[in-house]
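**Q** Shown below is the structure under consideration.
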Amino acid sequence: MCSTARIDALIDELECEIQRVHDAGLGDELVEIRRVCNRLEAVFAHALVRFDHAREFATDGAVSTVSWLRHRCRLSSGNAAEKVTLARRLAELPGTDAALTSGVIDYQHAALIARTADKVGADNVLAGENTLLVAARQMDAGAFAAQTRFFQHCIDADGTLADANQDHEKRRLHLSQSLGGIFFLDGLLDAEGGAMLQSALRALSGPLPEDNRTPAQRRADALVELARRQLDGGGLPQAGGQKPHLTLLLTEETLKGAAAGEVDRLPLPAETVRRLACDCALTPIVLNEAGQPIAMGAARRTVSPSQARALRARDRMCRFPGCDRTPDWTRAHHLRHWADGGPTILPNLALLCGRHHWLVHEGRWRLVGGVANLQAVPP
Ligand SMILES: [Zn+2]
Ligand SMILES: [Zn+2]
């Protein structure tokens with residue numbers, strides 16, 4: 001097997017040496033190992049293009065080099081196709097070939113240049129190859145991918161638009177619910193849609209002080225917050241003659257914390273119902289034992305617009321100790337729940353952001369000390 005046996009022995013030796021490198025020296029070693037990996041990718045590409053030209057894949061019964069790579073090297077189709085494109089294009093792009101062979105650019109950057117040559121032709125890439133290589137040495141692969149798209153647009157604006165339109169056609173969003181009630185989200189967005197959602201989520205998913213949520217949990221909360229703001233703000237178009245909203249069905253037992261409530265035909269834990277009903281962001285419909293709605297007296301629970309203004313002026317932010325979220329993030333929490341006889345008056349109300357409202361209901365934290373000096377007590 002040529003010199004691969006010797007390289008194997010050297011890799012074993014390298015593994016032993018790396019074990020002895022002090023932690024502080026690992027960064028430089030990692031950069032060097034990447035460089036060697038890239039050089040090996042170049043050797044692989046040079047051998048692959050000869051293999052491809054000689055149609056050696058056929059001797060193994062494969063129909064193409066891509067399918068041979070999938071079968072023999074167990075690569076994914078996408079990965080195999082990328083390696084074949086790179087191998088074929090390196091032969092036409094001497095600068096890129098030399099840069100990968102010496103390890104000064106990364107495999108991913110070389111693959112992006114090869115893909116660009118596939119889109120606009122090797123001649124066009126050859127004319128701008130030096131500029132691309134300078135960028136490849138300075139940028140991470142994500143930024144360089146954008147750079148190659150700018151390059152492609154300069155040469156072939158129509159082709160770039162056609163690519164973008166193809167991506168746009170792939171957009172989709174599935175929201176499905178398991179029997180356990182949990183929702184699954186799955187989808188694809190084009191560049192513009194994805195960037196728009198990303199910046200909205202970023203604006204809503206910053207960590208709170210001593211926030212123990214993972215970034216993924218914060219993004220999930222941000223998406224729900226986005227929906228809540230739209231529903232609360234009444235800015236959504238009507239559906240079936242009504243503004244879209246959630247309808248909360250519950251019994252007096254639910255409000256005492258003893259029975260599940262219901263929202264959009266899903267059972268909800270009683271404590272969640274108490275939170276949702278706390279600030280009346282959604283109108284609770286209380287049912288008697290016969291399932292008939294009974295009047296609850298809105299005055300008993302509803303924060304009036306003037307009370308809401310006074311509450312915002314008094315609290316100015318979420319009142320959970322340490323939280324500085326502004327009033328748009330918050331809702332009015334009854335310190336003593338209205339269902340337990342707590343009055344809807346300012347001394348019994350405090351602004352809480354969505355996260356902290358959840359903590360004091362479902363999370364079983366308690367707010368004590370009175371509205372002037374609220375303290376949070378963990379469960
Ligand atoms: Zn509450
Ligand atoms: Zn808060």
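Residues are named by chain letter and number: chains run A, B, ... in the order of the structure tokens, numbers start at 1 in each chain, and ligands are numbered from 1 in the order shown.
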What parts of region 239-352 of chain A does DSSP call strand (DSSP E)? I'd like the answer as a list in words.
**A**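 Strand (DSSP E) members of region 239-352 of chain A, listed: Leu248, Leu249, Leu250, Thr251, Gly261, Glu262, Val263, Leu266, Pro267, Leu268, Pro284, Ile285, Val286, Leu287, Pro293, Ile294, Thr330, Arg331, Ala332, His333, His334, Leu349, Ala350, Leu351 and Leu352 of chain A.
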**Q** Residues contacting ligand 1 - anything with an atom at most 8 Å away, using only C-alpha atoms and all ligand atoms - can you give me those as a PDB file with C-alpha atoms, in the first residue's frame?
**A**
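Saved result, result_21.pdb, follows:
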```pdb
ATOM      1  CA  ARG A 274     -53.342  29.465  36.620  1.00  0.00           C
ATOM      2  CA  ARG A 275     -50.372  31.243  35.007  1.00  0.00           C
ATOM      3  CA  LEU A 276     -52.183  31.834  31.732  1.00  0.00           C
ATOM      4  CA  ALA A 277     -55.258  33.053  33.568  1.00  0.00           C
ATOM      5  CA  CYS A 278     -53.157  35.184  35.939  1.00  0.00           C
ATOM      6  CA  ASP A 279     -52.841  38.199  33.702  1.00  0.00           C
ATOM      7  CA  ALA A 332     -49.144  41.255  35.265  1.00  0.00           C
ATOM      8  CA  HIS A 333     -48.796  38.534  37.880  1.00  0.00           C
ATOM      9  CA  HIS A 334     -51.235  38.348  40.807  1.00  0.00           C
ATOM     10  CA  LEU A 335     -49.034  37.813  43.876  1.00  0.00           C
ATOM     11  CA  HIS A 337     -53.930  34.476  42.528  1.00  0.00           C
ATOM     12  CA  LEU A 352     -42.959  39.483  35.435  1.00  0.00           C
ATOM     13  CA  HIS A 357     -43.753  34.159  35.315  1.00  0.00           C
ATOM     14  CA  TRP A 358     -43.176  30.493  34.424  1.00  0.00           C
ATOM     15  CA  VAL A 360     -43.163  31.417  39.913  1.00  0.00           C
ATOM     16  CA  HIS A 361     -46.009  29.211  38.656  1.00  0.00           C
TER      17      HIS A 361
END
```
**Q** Restricting the calculation to only C-alpha atoms and all ligand atoms, which member of A:Leu351, A:Ala135, A:Val36, A:Leu374 is positioned closest to ligand 2?
**A**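 Closest to ligand 2 of all the choices is A:Leu351.
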**Q** Between A:Ala111, A:Leu349, A:Ile294, A:Leu287, single out the one closest to Gln307 (chain A), counting only C-alpha atoms.
**A**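 The shortest atom-to-atom distance to Gln307 (chain A) comes from A:Leu349.
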**Q** Can you check which parts of chain A lie within 7 Å of ligand 2? Per residue, the shortest pair of atoms and distance in Å to one decimal, counting only C-alpha atoms and all ligand atoms, sorted by chain and number, as JSON lines.
**A**
```
{"residue": "A:Cys318", "atom": "CA", "partner": "ligand 2", "partner_atom_place_in_ligand_line": "1 (Zn)", "distance": 4.6}
{"residue": "A:Arg319", "atom": "CA", "partner": "ligand 2", "partner_atom_place_in_ligand_line": "1 (Zn)", "distance": 6.6}
{"residue": "A:Phe320", "atom": "CA", "partner": "ligand 2", "partner_atom_place_in_ligand_line": "1 (Zn)", "distance": 5.3}
{"residue": "A:Cys323", "atom": "CA", "partner": "ligand 2", "partner_atom_place_in_ligand_line": "1 (Zn)", "distance": 4.6}
{"residue": "A:Asp324", "atom": "CA", "partner": "ligand 2", "partner_atom_place_in_ligand_line": "1 (Zn)", "distance": 6.6}
{"residue": "A:Arg325", "atom": "CA", "partner": "ligand 2", "partner_atom_place_in_ligand_line": "1 (Zn)", "distance": 5.7}
{"residue": "A:Leu352", "atom": "CA", "partner": "ligand 2", "partner_atom_place_in_ligand_line": "1 (Zn)", "distance": 5.4}
{"residue": "A:Cys353", "atom": "CA", "partner": "ligand 2", "partner_atom_place_in_ligand_line": "1 (Zn)", "distance": 4.2}
{"residue": "A:Gly354", "atom": "CA", "partner": "ligand 2", "partner_atom_place_in_ligand_line": "1 (Zn)", "distance": 6.8}
{"residue": "A:Arg355", "atom": "CA", "partner": "ligand 2", "partner_atom_place_in_ligand_line": "1 (Zn)", "distance": 6.0}
{"residue": "A:His356", "atom": "CA", "partner": "ligand 2", "partner_atom_place_in_ligand_line": "1 (Zn)", "distance": 4.7}
```
**Q** Got a sec: who's within 10 Å of Arg316 (chain A), counting only C-alpha atoms, leaving out chain neighbours fewer than 4 positions off, as an NGL selection string?
**A** :A and (310-312 or 324-328 or 330 or 351)
**Q** Those same residues, written as a tab-separated table (two decimals), in the first residue's frame with C-alpha atoms?
**A**
```tsv
chain	number	residue	atom	x	y	z
A	310	ALA	CA	-49.77	52.51	36.53
A	311	LEU	CA	-48.17	49.08	36.96
A	312	ARG	CA	-45.70	49.75	34.13
A	324	ASP	CA	-34.11	43.87	33.87
A	325	ARG	CA	-36.54	42.95	31.10
A	326	THR	CA	-38.58	45.94	29.99
A	327	PRO	CA	-42.41	46.06	30.19
A	328	ASP	CA	-42.98	44.72	26.63
A	330	THR	CA	-43.83	41.28	30.90
A	351	LEU	CA	-44.80	42.70	36.32
```
**Q** Given only C-alpha atoms as the basis, pick out the residue of A:Leu231, A:Tyr107, A:Arg364, A:Val286 nearest to Thr272 (chain A).
**A** A:Arg364
**Q** So which residues touch Ala339 (chain A) within 10 Å, counting only C-alpha atoms, skipping near sequence neighbours fewer than 2 positions away, as a PyMOL selection string?
**A** chain A and resi 252+254-257+274+277-278+296+300-301+334+336-337+341-343
**Q** Got a sec: who's within 9 Å of Leu173 (chain A), counting only C-alpha atoms, leaving out chain neighbours fewer than 5 positions off, as an mmCIF file with C-alpha atoms, in the first residue's frame?
**A**
```
data_model
loop_
_atom_site.group_PDB
_atom_site.id
_atom_site.type_symbol
_atom_site.label_atom_id
_atom_site.label_comp_id
_atom_site.auth_asym_id
_atom_site.auth_seq_id
_atom_site.Cartn_x
_atom_site.Cartn_y
_atom_site.Cartn_z
ATOM 1 C CA LEU A 185 -40.850 21.801 14.394
ATOM 2 C CA ASP A 186 -39.050 20.953 11.196
ATOM 3 C CA GLY A 187 -38.368 23.171 8.234
ATOM 4 C CA LEU A 188 -36.155 24.909 5.704
ATOM 5 C CA LEU A 189 -36.006 28.639 4.994
#
```
**Q** Given the choices A:Cys73, A:Leu346, A:Leu40, A:Ala136, which gets closest to Ile7 (chain A) if the distance is worked out from only C-alpha atoms?
**A**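 The answer is A:Leu40, which sits nearest to Ile7 (chain A).
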**Q** Could you tell me, as number ranges by chain, which residues of region 90-162 of chain A DSSP assigns to alpha helix (DSSP H) when given the backbone?
**A** A: 90, 94-101, 107-120, 122-138, 141-155, 157-162
**Q** Could those residues be written to a file, using C-alpha atoms, as a PDB file, in the first residue's frame?
**A**
```pdb
ATOM      1  CA  LEU A  90      -8.218  21.038  -8.976  1.00  0.00           C
ATOM      2  CA  PRO A  94      -3.389  25.250 -10.392  1.00  0.00           C
ATOM      3  CA  GLY A  95      -3.362  27.998  -7.754  1.00  0.00           C
ATOM      4  CA  THR A  96      -6.044  26.307  -5.670  1.00  0.00           C
ATOM      5  CA  ASP A  97      -4.335  22.940  -6.152  1.00  0.00           C
ATOM      6  CA  ALA A  98      -0.999  24.322  -4.917  1.00  0.00           C
ATOM      7  CA  ALA A  99      -2.650  26.049  -1.931  1.00  0.00           C
ATOM      8  CA  LEU A 100      -4.414  22.865  -0.808  1.00  0.00           C
ATOM      9  CA  THR A 101      -1.408  20.667  -1.519  1.00  0.00           C
ATOM     10  CA  TYR A 107     -10.286  21.551   2.341  1.00  0.00           C
ATOM     11  CA  GLN A 108     -13.656  23.298   2.825  1.00  0.00           C
ATOM     12  CA  HIS A 109     -12.386  26.466   1.120  1.00  0.00           C
ATOM     13  CA  ALA A 110     -10.957  24.477  -1.795  1.00  0.00           C
ATOM     14  CA  ALA A 111     -14.292  22.641  -2.144  1.00  0.00           C
ATOM     15  CA  LEU A 112     -16.119  26.006  -2.275  1.00  0.00           C
ATOM     16  CA  ILE A 113     -13.797  27.250  -5.042  1.00  0.00           C
ATOM     17  CA  ALA A 114     -14.389  23.993  -6.942  1.00  0.00           C
ATOM     18  CA  ARG A 115     -18.143  24.357  -6.558  1.00  0.00           C
ATOM     19  CA  THR A 116     -17.922  27.934  -7.863  1.00  0.00           C
ATOM     20  CA  ALA A 117     -16.004  26.644 -10.908  1.00  0.00           C
ATOM     21  CA  ASP A 118     -18.824  24.142 -11.449  1.00  0.00           C
ATOM     22  CA  LYS A 119     -21.334  27.004 -11.463  1.00  0.00           C
ATOM     23  CA  VAL A 120     -19.518  29.622 -13.564  1.00  0.00           C
ATOM     24  CA  ALA A 122     -13.159  27.114 -14.473  1.00  0.00           C
ATOM     25  CA  ASP A 123     -12.015  29.906 -16.862  1.00  0.00           C
ATOM     26  CA  ASN A 124     -13.958  32.527 -14.935  1.00  0.00           C
ATOM     27  CA  VAL A 125     -12.629  31.259 -11.608  1.00  0.00           C
ATOM     28  CA  LEU A 126      -9.092  31.169 -13.009  1.00  0.00           C
ATOM     29  CA  ALA A 127      -9.352  34.904 -13.794  1.00  0.00           C
ATOM     30  CA  GLY A 128     -10.214  35.684 -10.159  1.00  0.00           C
ATOM     31  CA  GLU A 129      -8.414  32.775  -8.494  1.00  0.00           C
ATOM     32  CA  ASN A 130      -5.778  34.873  -6.716  1.00  0.00           C
ATOM     33  CA  THR A 131      -8.391  37.124  -5.112  1.00  0.00           C
ATOM     34  CA  LEU A 132     -10.374  34.086  -3.985  1.00  0.00           C
ATOM     35  CA  LEU A 133      -7.267  32.456  -2.509  1.00  0.00           C
ATOM     36  CA  VAL A 134      -6.379  35.580  -0.535  1.00  0.00           C
ATOM     37  CA  ALA A 135      -9.927  35.578   0.895  1.00  0.00           C
ATOM     38  CA  ALA A 136      -9.735  31.815   1.566  1.00  0.00           C
ATOM     39  CA  ARG A 137      -6.642  32.313   3.718  1.00  0.00           C
ATOM     40  CA  GLN A 138      -8.313  35.019   5.787  1.00  0.00           C
ATOM     41  CA  ALA A 141     -15.558  28.769   5.644  1.00  0.00           C
ATOM     42  CA  GLY A 142     -18.967  30.370   6.362  1.00  0.00           C
ATOM     43  CA  ALA A 143     -17.795  33.866   5.426  1.00  0.00           C
ATOM     44  CA  PHE A 144     -15.872  32.477   2.452  1.00  0.00           C
ATOM     45  CA  ALA A 145     -19.006  30.705   1.179  1.00  0.00           C
ATOM     46  CA  ALA A 146     -20.746  34.102   1.092  1.00  0.00           C
ATOM     47  CA  GLN A 147     -17.697  35.533  -0.712  1.00  0.00           C
ATOM     48  CA  THR A 148     -17.921  32.854  -3.419  1.00  0.00           C
ATOM     49  CA  ARG A 149     -21.614  33.687  -3.880  1.00  0.00           C
ATOM     50  CA  PHE A 150     -20.704  37.381  -4.434  1.00  0.00           C
ATOM     51  CA  PHE A 151     -18.059  36.249  -6.927  1.00  0.00           C
ATOM     52  CA  GLN A 152     -20.584  34.034  -8.696  1.00  0.00           C
ATOM     53  CA  HIS A 153     -23.085  36.905  -8.829  1.00  0.00           C
ATOM     54  CA  CYS A 154     -20.506  39.189 -10.543  1.00  0.00           C
ATOM     55  CA  ILE A 155     -20.023  36.647 -13.306  1.00  0.00           C
ATOM     56  CA  ALA A 157     -26.223  37.211 -12.017  1.00  0.00           C
ATOM     57  CA  ASP A 158     -28.962  35.169 -13.710  1.00  0.00           C
ATOM     58  CA  GLY A 159     -27.508  31.880 -12.474  1.00  0.00           C
ATOM     59  CA  THR A 160     -27.263  33.232  -8.927  1.00  0.00           C
ATOM     60  CA  LEU A 161     -30.897  34.349  -9.077  1.00  0.00           C
ATOM     61  CA  ALA A 162     -31.919  30.921 -10.410  1.00  0.00           C
TER      62      ALA A 162
END
```
**Q** Could you please determine the separation between CA of Arg89 (chain A) and CA of Ile11 (chain A) in Å, to one decimal place?
**A** 29.1 Å
**Q** What lies within 7 Å of Ile285 (chain A) using only C-alpha atoms, ignoring chain neighbours under 5 positions off, as a ChimeraX atom specification?
**A** /A:248-250,293
**Q** Any idea what's packed within 9 Å of Ala376 (chain A), counting only C-alpha atoms, ignoring anything in its chain fewer than 6 positions away? Could you give it as an MDAnalysis selection string?
**A** chainID A and resid 320:321 360 365:369
